[in-house]
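To start, the structure itself, in structure tokens.
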Amino acid sequence: MNKYVLLFIALFTLRATAQNCPPNIGFEDGNFTNWDCSAGTVDQSGVLHLTATGPVPGRHTMYYKNGTPGVDAYGGFSRICPNGSNYSIQLGNSDVPSIAERISYTFTVPANASDYTIFYNYACVLQDPAPGGTNHTTEQKPLFSAQIYDVATGQYIPCASFSYNAGSSLPGFKQSLFNNSKGIVYYKDWTPASINLRGYGGRVMRLEFTARCCTPGGHFGYAYLDVNEGCSSAITGNAFCTNEKSLKLYSPAGFDQYYWYNEDYTKLLGTQYSLTITPPPADQTKYNLIIVPFAGLGCRDTLHTTINAINAEFDFNLPDSIAICPGQGTVDITKPSYVRGSSPNLTYAYYSDPDGVNFLPNPTSLGPGVYYVKASNPFGCSNILPVKIIISTPIFNPVRPAPVTYPEGIDLSATFTADTSLTYTYYSDPLATVPLTNFNNLHYSGIYYIKATNKFGCYTIKAIAVTVNPPPPPTITAPNTFTPNNDGVNDYFGITISGYGTFKNLKIYNRLGELLFTSYDINKLWDGKFDGKPVPGGTYYWVLTAVNTYFRTSINTSGYITVIR
């Protein structure tokens with residue numbers, strides 16, 4: 001079975017801030033100019049047999065960010081460094097066993113550079129031979145290395161070089177959950193690192209990246225690189241602008257321990273990757289940093305930095321939180337609207353950690369979580385602020401009210417404890433399109449809907465059932481006799497309605513069905529006459545039309561009345 005070694009190198013060009021960095025070290029010209037490519041094999045003893053080849057198709061392959069670089073099959077991360085690199089190169093392929101590739105760049109450290117550091121990001125994937133039952137020594141395992149070679153002395157600089165061999169004890173590596181048919185594979189997502197060349201001013205150096213499979217040729221290892229062309233001080237963040245209230249220093253990433261001291265080493269200031277100083281110190285204040293690498297990955301070193309006060313304003317505005325409503329999707333935190341009011345000419349970078357070590361692979365599509373945005377101006381002032389993306393769901397819990405009897409009503413706003421940060425509206429339909437005008441005095445049983453909306457426009461709609469017992473039906477009373485003889489007693493006939501009913505009209509007929517009297521006013525009574533003449537004594541019939549005012553239904557009833565003369 002053929003195994004292979006792959007190495008992807010992406011070198012990110014920052015021409016605006018690069019300080020005497022070698023040209024095209026980031027491949028931003030889209031080619032291999034100034035780079036030396038070689039390819040070959042590795043023997044059983046671990047000796048590389050490499051030949052200068054120039055870029056070999058299939059073994060030195062360049063990727064373009066806007067093409068289709070894809071993601072790593074084992075770690076699931078992008079093959080292009082998420083810091084904005086435009087190009088990557090791939091070393092090696094899956095066709096040839098015992099292969100080895102190298103790419104190198106020879107350059108001169110500027111003679112006047114008192115502090116010259118090469119910054120890069122790398123990701124690494126290594127197959128572990130141990131689970132297969134093979135007895136590989138550490139030197140025989142798949143390997144990835146980054147080295148600095150002093151051309152004048154013909155020696156590699158130990159403390160500026162490192163290598164990774166496959167194994168579960170590698171710091172920062174995780175076991176892959178993909179492609180388990182390959183056995184156990186460890187990977188490390190994109191991680192920043194640096195090579196400090198302080199004291200090598202004027203020297204000719206060679207930067208080498210090498211990848212190879214295991215020496216027996218049966219297990220693979222590959223890596224991804226992104227070298228930043230901004231060759232500057234190893235400690236960053238040492239500039240602050242006049243209106244900043246604190247200063248945050250950042251050490252080179254990738255070390256095991258950090259010890260920050262004042263200028264004369266009399267006070268230990270911190271032991272983390274970064275050091276926050278509030279308020280900012282005086283201009284030209286000096287600090288020292290002792291860095292201790294992971295075992296076998298470099299040497300203990302002491303770095304120095306001088307604080308620079310910049311006479312310029314620096315304003316960086318970012319909301320504490322960005323809300324998305326349930327089902328709304330993701331957030332693009334690179335939108336200019338989120339930094340509205342910040343100083344002009346700021347550049348932004350996006351991270352998953354507060355120290356700005358781990359880049360966000362896709363800051364334009366983020367779900368809930370805490371993320372970090374770094375703003376920098378052309379003078380070197382910078383700051384990192386957090387932003388929390390939340391799914392904003394208004395929460396309220398209405399309680400079904402106790403039944404009441406009309407004319408008592410129910411107030412929907414009294415069915416829950418109101419939150420002053422929410423706005424409440426009331427509806428008769430589940431889609432909240434038909435508003436209630438009398439939500440605080442409901443007189444009918446049914447299911448109603450309360451909508452709570454927050455300041456982000458997110459809302460929750462909840463249904464609530466209410467019970468209003470109806471009143472008894474209206475009572476209609478009418479006498480069955482009357483004596484219209486003008487004696488002032490029982491001279492008129494009329495209808496009485498008690499309860500929740502409304503009179504519409506009353507009609508009186510004789511036995512032949514002739515209409516004798518019509519009233520549209522309950523107070524207009526029949527005086528026992530038709531066309532101004534008294535009707536004969538006898539039985540007549542009345543028909544009443546009324547309305548049940550609670551149910552809004554029609555009432556049609558009738559009876560008889562006897563006229564006595």
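Ordered as shown in the structure tokens, chains take letters A, B, and onward, while each chain numbers its residues from 1 and ligands are numbered from 1 in the order shown.
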Distance query Ile384 (chain A) at most 10 Å, only C-alpha atoms, self and fewer than 2 positions along chain excluded, as a ChimeraX atom specification: /A:248,316,318,348-351,353-356,372-376,382,386-387
Non-local contacts of Cys124 (chain A) (10 Å; only C-alpha atoms; under 3 positions in same chain excluded) as a ChimeraX atom specification: /A:6-8,72,75,143-144,164,166,173,186-191,221-225
With N, CA and C atoms retained, could you export that selection as a short mmCIF file (atom, residue, chain, number, x, y, z; two decimals), in the first residue's frame?
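Now in result26.cif:
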data_model
loop_
_atom_site.label_atom_id
_atom_site.label_comp_id
_atom_site.auth_asym_id
_atom_site.auth_seq_id
_atom_site.Cartn_x
_atom_site.Cartn_y
_atom_site.Cartn_z
N LEU A 6 2.49 14.81 2.48
CA LEU A 6 2.00 16.03 1.85
C LEU A 6 2.36 17.21 2.71
N LEU A 7 2.78 18.29 2.11
CA LEU A 7 3.03 19.52 2.85
C LEU A 7 2.46 20.66 2.06
N PHE A 8 1.54 21.40 2.68
CA PHE A 8 0.96 22.56 2.03
C PHE A 8 1.54 23.79 2.69
N ASP A 72 -9.19 19.82 4.89
CA ASP A 72 -8.38 18.65 5.21
C ASP A 72 -9.28 17.46 5.53
N GLY A 75 -8.64 16.64 9.63
CA GLY A 75 -8.95 17.67 10.61
C GLY A 75 -10.17 18.48 10.29
N LEU A 143 7.27 12.78 9.53
CA LEU A 143 7.87 13.98 10.12
C LEU A 143 7.54 15.21 9.30
N PHE A 144 7.37 16.31 10.02
CA PHE A 144 7.30 17.64 9.42
C PHE A 144 8.27 18.53 10.18
N TYR A 164 8.14 17.82 14.04
CA TYR A 164 7.08 17.02 14.65
C TYR A 164 7.15 15.62 14.09
N ALA A 166 5.11 11.79 14.38
CA ALA A 166 3.79 11.29 14.76
C ALA A 166 3.82 10.66 16.15
N PHE A 173 -2.23 18.48 19.67
CA PHE A 173 -2.79 17.64 18.62
C PHE A 173 -4.06 16.93 19.13
N TYR A 186 -3.39 11.86 13.97
CA TYR A 186 -3.44 13.05 14.82
C TYR A 186 -3.32 14.30 13.95
N TYR A 187 -4.04 15.35 14.35
CA TYR A 187 -3.96 16.60 13.58
C TYR A 187 -3.91 17.78 14.54
N LYS A 188 -3.37 18.86 14.04
CA LYS A 188 -3.35 20.13 14.76
C LYS A 188 -3.87 21.20 13.83
N ASP A 189 -4.93 21.86 14.24
CA ASP A 189 -5.52 22.92 13.42
C ASP A 189 -4.56 24.10 13.33
N TRP A 190 -4.91 25.07 12.49
CA TRP A 190 -4.03 26.21 12.25
C TRP A 190 -3.59 26.86 13.56
N THR A 191 -2.27 27.02 13.72
CA THR A 191 -1.66 27.54 14.94
C THR A 191 -0.52 28.48 14.57
N GLY A 221 2.48 11.68 6.66
CA GLY A 221 2.47 12.88 7.48
C GLY A 221 2.54 14.09 6.56
N TYR A 222 1.76 15.11 6.84
CA TYR A 222 1.81 16.32 6.02
C TYR A 222 1.45 17.52 6.88
N ALA A 223 1.69 18.70 6.33
CA ALA A 223 1.45 19.93 7.10
C ALA A 223 1.02 21.05 6.18
N TYR A 224 0.48 22.09 6.80
CA TYR A 224 0.10 23.32 6.09
C TYR A 224 0.87 24.47 6.72
N LEU A 225 1.36 25.39 5.90
CA LEU A 225 2.12 26.54 6.39
C LEU A 225 1.60 27.83 5.79
#
Residues within 9 Å of Pro430 (chain A), only C-alpha atoms, excluding chain neighbours under 2 positions, as a VMD selection string: chain A and resid 427 to 428 432 to 433 448 to 449 461 to 463
Contacts of Ile235 (chain A) within 8 Å, only C-alpha atoms, excl. fewer than 4 positions in-chain, as a PyMOL selection string: chain A and resi 249-252+303-305
Minimum-distance residue to Val185 (chain A), chosen among A:Phe359, A:Tyr560, A:Tyr63, A:Tyr74 (using only C-alpha atoms): A:Tyr74
Top pick for closest residue to Lys455 (chain A), considering A:Asn510, A:Cys213, A:Leu436, A:Ser392 and counting only C-alpha atoms: A:Ser392
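Using only C-alpha atoms for every distance, the candidate list A:Gly26, A:Gly54, A:Pro479, A:Gly494 yields A:Gly54 as the residue closest to Ile103 (chain A).
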Residues within 7 Å of region 78-87 of chain A, only C-alpha atoms, excluding chain neighbours under 6 positions, as a ChimeraX atom specification: /A:10-12,27-28,30,62-65,69-72,190,224,226,359-361
Neighbour list for Glu208 (chain A) as a ChimeraX atom specification, cut-off 8 Å, only C-alpha atoms, skip fewer than 4 positions in-chain: /A:102-105,145-149
